[in-house]
Amino acid sequence: MSNASPIWISDLTHYYNRQQSMPTLDDINLSIPQGQLTALIGRSGCGKSTLLQMVAGLLIPTEGAIRIRAHTVTKPSAKWNMMFQKPSLYPWMTVRENAALGLVFAGTYNQKKDRVEELLDMVGLSEHKDKNVQALSGGQQQRVALARSLATEPEVLLLDEPFSALDAFTRTALQTEVAQICHDQNITMVLVTHDIEEAVAMADQVVIMSHNPGQIVGEKSIPLAYPRDRNSAEFAELKDELFAEFETIDKAKQDKPFERLEVVRPKSTAPSVEKMLQQAS
Ligand SMILES: Nc1ncnc2c1ncn2[C@@H]1O[C@H](COP(=O)(O)OP(=O)(O)OP(=O)(O)O)[C@@H](O)[C@H]1O
């Protein structure tokens, strides 16, 4: 795989309907690095899920474009999988059958059976493969969904608050494991979360969104080694910095609700649509 950014979001604006006085998402430009985990944080309703669904091809933006490698995203694909807060498993099937579903739909299950077994072992479900998924806890069910998402060997995994319904111990364990999988398997991940601690625990970089309209107003690198020590001084410092940055931006936004704020962007900005098309041709 090349090291170029696999996901480019360019000049993206979205209205759910034309009666809206301001867009749900306004002028979003972002490039997401290969094989790293990028967290999107922001207040409830700022448009994080809307943006993620657009990257997944489940929604088409009113203006602008999203490209994943050479493809302009216009529909869902097995190459970019999504994991939701609820694992949406088929309750009448076993753990193995649920984990294999993506491969079955792709018609490749017979060639890749071993991968399902390996993934179920990797996510700690070795002893549960033949059980009905309903016999599993919420955390175990989310592990089945994770194995299913990884089985089709996606280039991109999009995570929409996938751990928010889990207890604190299970959530912490899965946060660590998923960040490890991202780096070990060179999968580009985008995580939507409300939780600043989760963002610092998992992400290589955090993108801060404001609301009304949803805009990108800050980006911060998290230069901590994995697995991360949540009790370290560096972890606490980064969490405090991110929280302070978030509050400052939020306050500035309340003072100037309809103006575009200057983006604090340490990395290079995403190219324009024209530039993306030139590079792809
Ligand atoms: N299908 C829809 N039709 C119309 N408006 C929608 C639709 N889906 C979301 N919205 C609105 O778009 C805005 C952004 O919603 P979105 O769910 O993307 O925000 P979010 O940041 O993910 O919120 P949360 O953190 O609470 O999940 C909200 O005002 C929401 O009411």
# chains A, B, ... in the order shown; residues from 1 in each chain; ligands from 1

$ residues_around --residues "A:Leu89" --least-positions-apart "4" --cutoff "10 Å" --atoms "only C-alpha atoms" --output "list in words"
Met93, Thr94, Val95, Glu97, Asn98, Ala99, Leu101, Val133, Gln134, Gln141, Gln142, Val144, Ala145 and Arg148 of chain A

$ closest_atom_pairs --of "chain A" --to "ligand 1" --cutoff "7 Å" --atoms "only C-alpha atoms and all ligand atoms" --output "Markdown table"
| residue | atom | partner | partner_atom_place_in_ligand_line | distance |
| --- | --- | --- | --- | --- |
| A:Tyr16 | CA | ligand 1 | 4 (C) | 5.0 |
| A:Thr24 | CA | ligand 1 | 12 (O) | 5.5 |
| A:Gly42 | CA | ligand 1 | 21 (O) | 6.3 |
| A:Arg43 | CA | ligand 1 | 21 (O) | 6.0 |
| A:Ser44 | CA | ligand 1 | 26 (O) | 3.6 |
| A:Gly45 | CA | ligand 1 | 19 (O) | 3.5 |
| A:Cys46 | CA | ligand 1 | 21 (O) | 3.9 |
| A:Gly47 | CA | ligand 1 | 18 (O) | 3.2 |
| A:Lys48 | CA | ligand 1 | 21 (O) | 3.9 |
| A:Ser49 | CA | ligand 1 | 22 (O) | 3.6 |
| A:Thr50 | CA | ligand 1 | 18 (O) | 3.6 |
| A:Leu51 | CA | ligand 1 | 18 (O) | 6.5 |
| A:His194 | CA | ligand 1 | 25 (O) | 6.3 |

$ atom_distance --atom1 "atom CA of A:Ala165" --atom2 "atom CA of A:Gly218"
27.1 Å

$ closest_residue --among "A:Glu247, A:Glu234, A:Gln254, A:Ile187" --to "A:Glu155" --atoms "only C-alpha atoms"
A:Ile187

$ select_by_dssp --residues "stretch 177-234 of chain A" --states "strand (DSSP E or B)" --output "JSON, numbers by chain"
{"A": [188, 189, 190, 191, 192, 193, 205, 206, 207, 208, 209, 210, 214, 215, 216, 217, 218, 219, 220, 221]}

$ select_by_dssp --residues "stretch 113-280 of chain A" --states "alpha helix (DSSP H)" --output "number ranges by chain"
A: 113-122, 138-151, 168-184, 196-202, 233-255, 273-280
